[in-house]
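Peer 1: The structure under discussion is supplied below as structure tokens; questions concerning it will follow.
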Amino acid sequence: MTDVLDTARETTNPTGDANWWRQAAVYQIYPRSFTDSNSDGIGDLPGITQRIPYLQQLGIDAVWLSPFYPSALADGGYDVDDYRDVDPRLGTLDDFDRMVAALHAAGIRLIVDIVPNHSSNRHPWFQEALASSQGSAARARYIFRDGLGPNGAEPPADWTSTFGGPAWEPVGDGQWYLHYFAKEQPDFDWSNREVQDDFLTTLRFWSDRGVDGFRVDVAHGLAKNLPDPLPSQAELDASDKTSGTHPMWDRDEVHDIYAAWREVFNTYDPPRIAVAEAWVEPSRRARYASSGGLGQAFNFDLLEAEFDAEQFRAIITYNLAEAKASGSSTTWVFSNHDVIRHATRYGLPPRAQGEIKKGMAWLLSGGTYPLVDEEAGLRRARAASLLMLGLPGSAYLYQGEELGLPEVADMPPAKRQDPTYFRNPGVDIGRDGCRVPIPWTRGRPSFGFSDHEAHLPQPSRFADYSVEAEERDPRSTLSLYRRALAARHELQSEEELVWVEQVNDAVLHFVRPGEWHVVANFGTIGVPLPDGEVLLASGPVELGVLPGETTVWLRTQA
Ligand code: NOJ
Ligand code: CA
């Protein structure tokens, strides 16, 4: 055991490059749905360790691991009971150390999710707060307010939680606590010194164990300034979200928190990295991404765009300029554990492709598949992904997208787990459909995910999307991702691109230093293929023609 621990600490830096993150391909693992090593139907850390050869062959640079902490799973693990332990259903701290050591030995870095906006209601601090009196130090770590009306029976404000339903929950003594998300996720009060210090301890705890960085959940929500009396929901909705003064979101002083985190990150060699999940105005991402702050921020703009050349070009141009100005590199993302998988999203009618919620409503209203052109969705997803992997900056991939996995929309309500489904009856389909365990083999009971039935039901068509099925097929999405990630390593160059102007608006063509050309045809009609050696194509390319909804990588002679 000890030697594994020692190795974990020694190999924290596979190549010693402090800039490794700038153009990394980062693969998100949602641990409960990746691989189950002990046949209980839930994916776990030893399961991830077993799959490292697969990750290595895929060609990713780093893993981002979604929460693996002890949790009652009121929100898929984003309700954390203990920030410095592993959920016993997923393994132990020793399993974690073994996983880190094995990832590093394979040259793969590890980013872990950190959830600082809220704990779970089972966290010892919240339990202590409930057991303590009003105005106590224990309650001061969270956001408690007196209720209105006789005995405080009415909520302190009419606020709606991000997940739907009320944002204030009574505790039985006339006080209520704030939860931006589910009621099992009480928000911390980040002006509290103990809260601030405890997170610094947590960052050190995992950094000492060898993690290379952190993905920061709801990074724009921590700093709050709740006036007395509280504003109404209507007033909150009307408050400016772009000036850093909104009472709840994206307040300027949130950056003081990250400046303190940065000091911790920089005590390590190489410095630990962080990427902010901050759904803020694009122009306000730069501060999260600054080198004195978290260093990088998710750019979700492509994820919210339609499969459309003009939208893609504007987003790419804007974000490259923004990243340059902030000194960071940009991030690209099409899929994650919160949104409809892009192979399905791009099969929706155009306007629904770019609106995640609307897309969900489409799926919900129509009994799903008749409304989705799955063939076109996958064709467009492959074209979009190949374009993304050619862009400067880092690419965040979500487990299963390398298989072209579709969203599972037709799930029996009794099997669903996501609170966003239950808190918004008939309106929101929830996020379970992108969290279904991924298929490794063609066989039942769970396509190689487990010897047991999976915790979210997998449709029978998953067999055709399994790793086993796809790795034998050179035209599969898995083969495309493997080739693209390998070629990306070979071709990777400075974080720049130059657009090659086109007569056809449906075509985007850019060239990266090293004569690396990426040409994407967003239209449905074939166009002449530019000169050059075709290195890769997202679909069949005929002689001299770039078919519709297809991307190619080309190389020309300098
Ligand atoms: C963002 C996470 O990605 C999502 O899954 C979670 O529900 C919320 N933050 C709340 O933690
Ligand atoms: Ca398990």
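Convention: chains lettered A, B, ... in structure tokens order; per-chain residue numbering from 1; ligands numbered from 1 as shown.
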Write out as a PyMOL selection string each polymer residue (protein, DNA or RNA) that has an atom no more than 10 Å from ligand 1, with only C-alpha atoms and all ligand atoms counted.

Peer 2: chain A and resi 66-67+74-80+113-120+162-163+180-182+185+215-219+221+277-279+336-339+418-420+431

Peer 1: Go through region 260-507 of chain A and collect every residue that DSSP, computed from the backbone, puts in strand (DSSP E or B); the answer should be as a PyMOL selection string.

Peer 2: chain A and resi 273-276+295-297+331-333+394-398+498-499+507

Peer 1: Output C-alpha atoms for every residue in the selection just made, as a PDB file, in the first residue's frame.

Peer 2:
ATOM      1  CA  ILE A 273      -4.958  24.431 -12.313  1.00  0.00           C
ATOM      2  CA  ALA A 274      -8.644  25.276 -12.099  1.00  0.00           C
ATOM      3  CA  VAL A 275     -11.485  25.786 -14.518  1.00  0.00           C
ATOM      4  CA  ALA A 276     -14.550  27.779 -13.529  1.00  0.00           C
ATOM      5  CA  GLY A 295      -6.842  30.419 -14.606  1.00  0.00           C
ATOM      6  CA  GLN A 296      -9.446  29.024 -16.986  1.00  0.00           C
ATOM      7  CA  ALA A 297     -13.223  29.273 -17.423  1.00  0.00           C
ATOM      8  CA  THR A 331     -12.225  25.953 -23.604  1.00  0.00           C
ATOM      9  CA  TRP A 332     -14.602  24.185 -25.963  1.00  0.00           C
ATOM     10  CA  VAL A 333     -17.395  21.946 -24.890  1.00  0.00           C
ATOM     11  CA  SER A 394      -8.584  23.010 -24.599  1.00  0.00           C
ATOM     12  CA  ALA A 395     -11.362  20.622 -25.500  1.00  0.00           C
ATOM     13  CA  TYR A 396     -13.585  19.140 -22.803  1.00  0.00           C
ATOM     14  CA  LEU A 397     -15.141  15.838 -23.813  1.00  0.00           C
ATOM     15  CA  TYR A 398     -17.860  13.966 -21.965  1.00  0.00           C
ATOM     16  CA  VAL A 498      -6.339  32.340 -39.565  1.00  0.00           C
ATOM     17  CA  TRP A 499      -9.662  32.223 -41.365  1.00  0.00           C
ATOM     18  CA  VAL A 507     -18.320  26.621 -45.075  1.00  0.00           C
TER      19      VAL A 507
END

Peer 1: Got a sec to check which residues lie within 9 Å of ligand 2, using only C-alpha atoms and all ligand atoms, and send them as a PDB file with N, CA and C atoms, in the first residue's frame?

Peer 2:
ATOM      1  N   ARG A  32     -20.234   7.363 -11.392  1.00  0.00           N
ATOM      2  CA  ARG A  32     -21.232   6.325 -11.122  1.00  0.00           C
ATOM      3  C   ARG A  32     -21.735   5.657 -12.395  1.00  0.00           C
ATOM      4  N   THR A  35     -17.696   2.675 -14.986  1.00  0.00           N
ATOM      5  CA  THR A  35     -17.478   1.224 -14.915  1.00  0.00           C
ATOM      6  C   THR A  35     -17.631   0.760 -13.475  1.00  0.00           C
ATOM      7  N   ASP A  36     -18.394  -0.319 -13.319  1.00  0.00           N
ATOM      8  CA  ASP A  36     -18.666  -0.872 -11.991  1.00  0.00           C
ATOM      9  C   ASP A  36     -17.761  -2.080 -11.775  1.00  0.00           C
ATOM     10  N   SER A  37     -16.836  -1.970 -10.828  1.00  0.00           N
ATOM     11  CA  SER A  37     -15.870  -3.070 -10.647  1.00  0.00           C
ATOM     12  C   SER A  37     -16.371  -4.139  -9.675  1.00  0.00           C
ATOM     13  N   ASN A  38     -17.399  -3.841  -8.877  1.00  0.00           N
ATOM     14  CA  ASN A  38     -17.785  -4.817  -7.848  1.00  0.00           C
ATOM     15  C   ASN A  38     -19.249  -5.232  -7.937  1.00  0.00           C
ATOM     16  N   SER A  39     -19.805  -5.092  -9.130  1.00  0.00           N
ATOM     17  CA  SER A  39     -21.128  -5.659  -9.436  1.00  0.00           C
ATOM     18  C   SER A  39     -22.274  -5.178  -8.545  1.00  0.00           C
ATOM     19  N   ASP A  40     -22.210  -3.929  -8.103  1.00  0.00           N
ATOM     20  CA  ASP A  40     -23.375  -3.421  -7.372  1.00  0.00           C
ATOM     21  C   ASP A  40     -24.222  -2.477  -8.231  1.00  0.00           C
ATOM     22  N   GLY A  41     -23.843  -2.370  -9.509  1.00  0.00           N
ATOM     23  CA  GLY A  41     -24.636  -1.550 -10.425  1.00  0.00           C
ATOM     24  C   GLY A  41     -24.235  -0.083 -10.431  1.00  0.00           C
ATOM     25  N   ILE A  42     -23.224   0.275  -9.620  1.00  0.00           N
ATOM     26  CA  ILE A  42     -22.779   1.671  -9.557  1.00  0.00           C
ATOM     27  C   ILE A  42     -21.307   1.748  -9.932  1.00  0.00           C
ATOM     28  N   GLY A  43     -21.001   2.617 -10.852  1.00  0.00           N
ATOM     29  CA  GLY A  43     -19.607   2.786 -11.264  1.00  0.00           C
ATOM     30  C   GLY A  43     -18.772   3.277 -10.093  1.00  0.00           C
ATOM     31  N   ASP A  44     -17.476   2.980 -10.109  1.00  0.00           N
ATOM     32  CA  ASP A  44     -16.635   3.268  -8.946  1.00  0.00           C
ATOM     33  C   ASP A  44     -15.202   3.583  -9.380  1.00  0.00           C
ATOM     34  N   LEU A  45     -14.388   3.954  -8.388  1.00  0.00           N
ATOM     35  CA  LEU A  45     -13.011   4.365  -8.704  1.00  0.00           C
ATOM     36  C   LEU A  45     -12.163   3.202  -9.228  1.00  0.00           C
ATOM     37  N   PRO A  46     -12.221   1.999  -8.612  1.00  0.00           N
ATOM     38  CA  PRO A  46     -11.449   0.906  -9.214  1.00  0.00           C
ATOM     39  C   PRO A  46     -11.877   0.639 -10.667  1.00  0.00           C
ATOM     40  N   GLY A  47     -13.141   0.894 -10.970  1.00  0.00           N
ATOM     41  CA  GLY A  47     -13.612   0.730 -12.351  1.00  0.00           C
ATOM     42  C   GLY A  47     -12.879   1.693 -13.282  1.00  0.00           C
ATOM     43  N   ARG A  89     -19.457   3.741  -1.554  1.00  0.00           N
ATOM     44  CA  ARG A  89     -19.965   2.946  -2.692  1.00  0.00           C
ATOM     45  C   ARG A  89     -19.042   3.061  -3.904  1.00  0.00           C
ATOM     46  N   LEU A  90     -18.192   4.081  -3.904  1.00  0.00           N
ATOM     47  CA  LEU A  90     -17.288   4.282  -5.047  1.00  0.00           C
ATOM     48  C   LEU A  90     -15.861   3.842  -4.739  1.00  0.00           C
ATOM     49  N   GLY A  91     -15.588   3.560  -3.456  1.00  0.00           N
ATOM     50  CA  GLY A  91     -14.242   3.112  -3.116  1.00  0.00           C
ATOM     51  C   GLY A  91     -13.745   3.775  -1.852  1.00  0.00           C
ATOM     52  N   SER A 450     -21.233  -3.365 -15.951  1.00  0.00           N
ATOM     53  CA  SER A 450     -21.317  -4.055 -14.663  1.00  0.00           C
ATOM     54  C   SER A 450     -21.768  -5.486 -14.942  1.00  0.00           C
TER      55      SER A 450
END

Peer 1: Name the residues in contact with Tyr54 (chain A) at a cut-off of 12 Å, using only C-alpha atoms, excluding same-chain residues fewer than 4 positions from it; report them as an mmCIF file with C-alpha atoms, in the first residue's frame.

Peer 2:
data_model
loop_
_atom_site.group_PDB
_atom_site.id
_atom_site.type_symbol
_atom_site.label_atom_id
_atom_site.label_comp_id
_atom_site.auth_asym_id
_atom_site.auth_seq_id
_atom_site.Cartn_x
_atom_site.Cartn_y
_atom_site.Cartn_z
ATOM 1 C CA TYR A 27 -12.278 13.749 -20.670
ATOM 2 C CA PHE A 34 -18.453 4.721 -16.102
ATOM 3 C CA THR A 35 -17.478 1.224 -14.915
ATOM 4 C CA GLY A 47 -13.612 0.730 -12.351
ATOM 5 C CA ILE A 48 -11.911 3.893 -13.647
ATOM 6 C CA THR A 49 -8.482 2.442 -12.865
ATOM 7 C CA GLN A 50 -9.356 -0.669 -14.861
ATOM 8 C CA LEU A 58 -8.324 7.241 -26.743
ATOM 9 C CA GLY A 59 -5.534 9.792 -26.472
ATOM 10 C CA ILE A 60 -6.827 12.224 -23.872
ATOM 11 C CA LEU A 103 -3.400 7.715 -14.374
ATOM 12 C CA ALA A 106 -0.189 6.465 -18.110
ATOM 13 C CA ILE A 108 -2.907 11.305 -17.861
ATOM 14 C CA GLN A 399 -17.739 10.203 -21.501
ATOM 15 C CA GLU A 402 -16.506 9.451 -28.375
ATOM 16 C CA TRP A 440 -18.431 -1.290 -23.271
ATOM 17 C CA VAL A 467 -16.732 0.153 -27.464
ATOM 18 C CA GLU A 468 -16.656 -3.488 -28.581
ATOM 19 C CA GLU A 471 -13.461 -0.378 -32.130
ATOM 20 C CA LEU A 478 -14.701 5.962 -31.599
ATOM 21 C CA ARG A 482 -8.972 8.125 -31.539
#

Peer 1: Measuring atom to atom with only C-alpha atoms, identify which of A:Arg555, A:Gly164, A:Val545, A:Leu200 is nearest to Glu533 (chain A).

Peer 2: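 Checking each of A:Arg555, A:Gly164, A:Val545, A:Leu200 against Glu533 (chain A), counting only C-alpha atoms, the winner is A:Arg555.
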
Peer 1: If you count only C-alpha atoms, which residues fall within 9 Å of Phe265 (chain A), apart from same-chain ones fewer than 3 positions away, as a ChimeraX atom specification?

Peer 2: /A:203-204,207,213,260-262,268-274

Peer 1: Pull all heavy atoms from the residues just selected and write them as an mmCIF file, in the first residue's frame.

Peer 2:
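So the final result, stored in out.cif, reads:
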data_model
loop_
_atom_site.group_PDB
_atom_site.id
_atom_site.type_symbol
_atom_site.label_atom_id
_atom_site.label_comp_id
_atom_site.auth_asym_id
_atom_site.auth_seq_id
_atom_site.Cartn_x
_atom_site.Cartn_y
_atom_site.Cartn_z
ATOM 1 N N LEU A 203 -8.611 22.061 -0.734
ATOM 2 C CA LEU A 203 -7.778 22.184 -1.944
ATOM 3 C C LEU A 203 -6.396 21.583 -1.696
ATOM 4 O O LEU A 203 -5.837 20.901 -2.556
ATOM 5 C CB LEU A 203 -7.638 23.649 -2.364
ATOM 6 C CG LEU A 203 -8.924 24.353 -2.794
ATOM 7 C CD1 LEU A 203 -8.650 25.834 -3.050
ATOM 8 C CD2 LEU A 203 -9.534 23.700 -4.035
ATOM 9 N N ARG A 204 -5.862 21.827 -0.501
ATOM 10 C CA ARG A 204 -4.533 21.265 -0.179
ATOM 11 C C ARG A 204 -4.614 19.752 -0.037
ATOM 12 O O ARG A 204 -3.712 19.038 -0.471
ATOM 13 C CB ARG A 204 -3.997 21.869 1.121
ATOM 14 C CG ARG A 204 -3.522 23.291 0.969
ATOM 15 C CD ARG A 204 -2.698 23.753 2.178
ATOM 16 N NE ARG A 204 -2.742 25.188 2.269
ATOM 17 C CZ ARG A 204 -3.592 25.883 3.039
ATOM 18 N NH1 ARG A 204 -4.442 25.259 3.846
ATOM 19 N NH2 ARG A 204 -3.575 27.203 3.028
ATOM 20 N N SER A 207 -4.690 18.348 -3.498
ATOM 21 C CA SER A 207 -3.436 18.663 -4.205
ATOM 22 C C SER A 207 -2.295 17.813 -3.636
ATOM 23 O O SER A 207 -1.470 17.305 -4.390
ATOM 24 C CB SER A 207 -3.101 20.149 -4.061
ATOM 25 O OG SER A 207 -4.108 20.928 -4.646
ATOM 26 N N GLY A 213 -5.600 19.462 -10.696
ATOM 27 C CA GLY A 213 -6.436 20.652 -10.794
ATOM 28 C C GLY A 213 -7.855 20.393 -10.353
ATOM 29 O O GLY A 213 -8.219 19.297 -9.927
ATOM 30 N N ALA A 260 -7.299 33.898 -3.221
ATOM 31 C CA ALA A 260 -6.755 33.097 -2.108
ATOM 32 C C ALA A 260 -6.509 31.654 -2.557
ATOM 33 O O ALA A 260 -5.527 31.022 -2.154
ATOM 34 C CB ALA A 260 -7.718 33.133 -0.925
ATOM 35 N N TRP A 261 -7.382 31.136 -3.388
ATOM 36 C CA TRP A 261 -7.190 29.770 -3.910
ATOM 37 C C TRP A 261 -5.923 29.720 -4.767
ATOM 38 O O TRP A 261 -5.149 28.772 -4.699
ATOM 39 C CB TRP A 261 -8.383 29.341 -4.763
ATOM 40 C CG TRP A 261 -9.640 29.075 -3.979
ATOM 41 C CD1 TRP A 261 -9.971 29.565 -2.748
ATOM 42 C CD2 TRP A 261 -10.740 28.241 -4.383
ATOM 43 N NE1 TRP A 261 -11.203 29.094 -2.359
ATOM 44 C CE2 TRP A 261 -11.703 28.286 -3.338
ATOM 45 C CE3 TRP A 261 -11.020 27.478 -5.516
ATOM 46 C CZ2 TRP A 261 -12.905 27.580 -3.412
ATOM 47 C CZ3 TRP A 261 -12.211 26.785 -5.595
ATOM 48 C CH2 TRP A 261 -13.144 26.831 -4.553
ATOM 49 N N ARG A 262 -5.736 30.768 -5.555
ATOM 50 C CA ARG A 262 -4.563 30.799 -6.456
ATOM 51 C C ARG A 262 -3.274 30.730 -5.646
ATOM 52 O O ARG A 262 -2.311 30.085 -6.041
ATOM 53 C CB ARG A 262 -4.639 32.050 -7.327
ATOM 54 C CG ARG A 262 -3.453 32.381 -8.193
ATOM 55 C CD ARG A 262 -2.968 31.238 -9.059
ATOM 56 N NE ARG A 262 -3.958 30.670 -9.966
ATOM 57 C CZ ARG A 262 -3.759 29.549 -10.675
ATOM 58 N NH1 ARG A 262 -2.611 28.891 -10.607
ATOM 59 N NH2 ARG A 262 -4.713 29.075 -11.461
ATOM 60 N N TYR A 268 2.284 24.725 -5.300
ATOM 61 C CA TYR A 268 2.622 23.401 -5.860
ATOM 62 C C TYR A 268 3.421 23.577 -7.142
ATOM 63 O O TYR A 268 3.338 24.613 -7.809
ATOM 64 C CB TYR A 268 1.346 22.599 -6.132
ATOM 65 C CG TYR A 268 0.651 22.209 -4.851
ATOM 66 C CD1 TYR A 268 -0.259 23.066 -4.241
ATOM 67 C CD2 TYR A 268 0.949 21.004 -4.216
ATOM 68 C CE1 TYR A 268 -0.861 22.735 -3.033
ATOM 69 C CE2 TYR A 268 0.348 20.661 -3.009
ATOM 70 C CZ TYR A 268 -0.554 21.527 -2.428
ATOM 71 O OH TYR A 268 -1.131 21.200 -1.238
ATOM 72 N N ASP A 269 4.161 22.533 -7.446
ATOM 73 C CA ASP A 269 4.965 22.552 -8.661
ATOM 74 C C ASP A 269 4.663 21.300 -9.480
ATOM 75 O O ASP A 269 4.974 20.203 -9.033
ATOM 76 C CB ASP A 269 6.450 22.583 -8.292
ATOM 77 C CG ASP A 269 7.331 22.610 -9.530
ATOM 78 O OD1 ASP A 269 6.827 23.026 -10.589
ATOM 79 O OD2 ASP A 269 8.487 22.183 -9.434
ATOM 80 N N PRO A 270 4.058 21.442 -10.663
ATOM 81 C CA PRO A 270 3.587 22.690 -11.246
ATOM 82 C C PRO A 270 2.349 23.188 -10.495
ATOM 83 O O PRO A 270 1.686 22.395 -9.821
ATOM 84 C CB PRO A 270 3.233 22.291 -12.679
ATOM 85 C CG PRO A 270 2.858 20.866 -12.585
ATOM 86 C CD PRO A 270 3.721 20.279 -11.514
ATOM 87 N N PRO A 271 2.031 24.467 -10.642
ATOM 88 C CA PRO A 271 0.843 24.987 -9.967
ATOM 89 C C PRO A 271 -0.382 24.163 -10.332
ATOM 90 O O PRO A 271 -0.523 23.713 -11.474
ATOM 91 C CB PRO A 271 0.722 26.406 -10.518
ATOM 92 C CG PRO A 271 2.094 26.755 -10.962
ATOM 93 C CD PRO A 271 2.721 25.476 -11.438
ATOM 94 N N ARG A 272 -1.262 23.972 -9.371
ATOM 95 C CA ARG A 272 -2.518 23.293 -9.673
ATOM 96 C C ARG A 272 -3.364 24.215 -10.545
ATOM 97 O O ARG A 272 -3.283 25.454 -10.431
ATOM 98 C CB ARG A 272 -3.254 22.925 -8.390
ATOM 99 C CG ARG A 272 -2.446 21.991 -7.497
ATOM 100 C CD ARG A 272 -1.912 20.807 -8.288
ATOM 101 N NE ARG A 272 -1.305 19.817 -7.416
ATOM 102 C CZ ARG A 272 -0.062 19.358 -7.558
ATOM 103 N NH1 ARG A 272 0.731 19.809 -8.520
ATOM 104 N NH2 ARG A 272 0.385 18.428 -6.738
ATOM 105 N N ILE A 273 -4.155 23.616 -11.400
ATOM 106 C CA ILE A 273 -4.958 24.431 -12.313
ATOM 107 C C ILE A 273 -6.415 24.414 -11.859
ATOM 108 O O ILE A 273 -6.797 23.584 -11.032
ATOM 109 C CB ILE A 273 -4.857 23.946 -13.765
ATOM 110 C CG1 ILE A 273 -5.602 22.623 -13.946
ATOM 111 C CG2 ILE A 273 -3.417 23.811 -14.199
ATOM 112 C CD1 ILE A 273 -6.424 22.598 -15.186
ATOM 113 N N ALA A 274 -7.208 25.310 -12.398
ATOM 114 C CA ALA A 274 -8.644 25.276 -12.099
ATOM 115 C C ALA A 274 -9.418 25.820 -13.291
ATOM 116 O O ALA A 274 -8.917 26.657 -14.045
ATOM 117 C CB ALA A 274 -8.949 26.099 -10.852
#

Peer 1: Skipping near chain neighbours, those fewer than 5 positions away, what residues fall within 10 Å of Asn504 (chain A) using only C-alpha atoms, listed as a count of residues only?

Peer 2: 3

Peer 1: Have a look at A:Asn151, A:Gln23, A:Gln127, A:Ser290 and name the one nearest to Ser493 (chain A); count only C-alpha atoms.

Peer 2: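 Smallest separation from Ser493 (chain A) among the options: A:Gln23.
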
Peer 1: Would you list the contacts of Leu554 (chain A) as a PyMOL selection string, taking every protein, DNA or RNA residue within 6 Å and counting only C-alpha atoms, but skipping same-chain residues closer than 6 positions in sequence?

Peer 2: chain A and resi 517+532-535

Peer 1: I need the chosen residues saved as a short mmCIF file (atom, residue, chain, number, x, y, z; two decimals), in the first residue's frame, with C-alpha atoms.

Peer 2:
data_model
loop_
_atom_site.label_atom_id
_atom_site.label_comp_id
_atom_site.auth_asym_id
_atom_site.auth_seq_id
_atom_site.Cartn_x
_atom_site.Cartn_y
_atom_site.Cartn_z
CA HIS A 517 -6.29 23.20 -42.18
CA GLY A 532 -4.10 19.48 -49.56
CA GLU A 533 -3.56 16.04 -48.13
CA VAL A 534 -6.69 14.81 -46.34
CA LEU A 535 -5.61 13.71 -42.89
#

Peer 1: Can you tell me how far CA of Asp81 (chain A) sits from CA of Ala137 (chain A), in Å to one decimal?

Peer 2: 19.4 Å

Peer 1: From the set A:Gly152, A:Gly393, A:Pro412, A:Gly165, which residue has the shortest atom-to-atom contact distance to Asn319 (chain A), counting only C-alpha atoms?

Peer 2: A:Gly393

Peer 1: Just the residues within 6 Å of Pro70 (chain A), please, counting only C-alpha atoms, with nothing from its chain fewer than 4 positions along; format it as a ChimeraX atom specification.

Peer 2: /A:81-82,86-87

Peer 1: Between CA of Ala223 (chain A) and CA of Arg287 (chain A), what is the spacing in Å?

Peer 2: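 Computing it gives 14.4 Å between the two atoms.
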
Peer 1: Report the distance between CA of Ser538 (chain A) and CA of Glu515 (chain A) in Å, rounded to one decimal place.

Peer 2: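 Taking CA of Ser538 (chain A) as the start and CA of Glu515 (chain A) as the end point, the length is 19.2 Å.
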
Peer 1: May I ask which of the residues A:Asp197, A:Arg488, A:Asp308, A:Val436 is the closest one to Thr524 (chain A), counting only C-alpha atoms?

Peer 2: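 Looking only at the distances to Thr524 (chain A), the closest residue turns out to be A:Asp308.
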
Peer 1: Identify which of the residues A:Glu549, A:Asp531, A:Asp505, A:Asp237 lies closest to Ala309 (chain A), counting only C-alpha atoms when measuring atom-to-atom distances.

Peer 2: A:Asp505

Peer 1: Would you please work out which residue, of A:Gln502, A:Leu230, A:Asp146, A:Arg139, is nearest to Asp189 (chain A) when using only C-alpha atoms?

Peer 2: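 Of A:Gln502, A:Leu230, A:Asp146, A:Arg139, the one nearest Asp189 (chain A) is A:Arg139, counting only C-alpha atoms.
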
Peer 1: Taking the DSSP assignment computed from this structure's backbone, write out as a ChimeraX atom specification all residues of region 46-262 of chain A that belong to helix (DSSP H, G or I).

Peer 2: /A:46-50,52-58,93-105,124-131,139-141,150-152,193-208,233-238,254-262
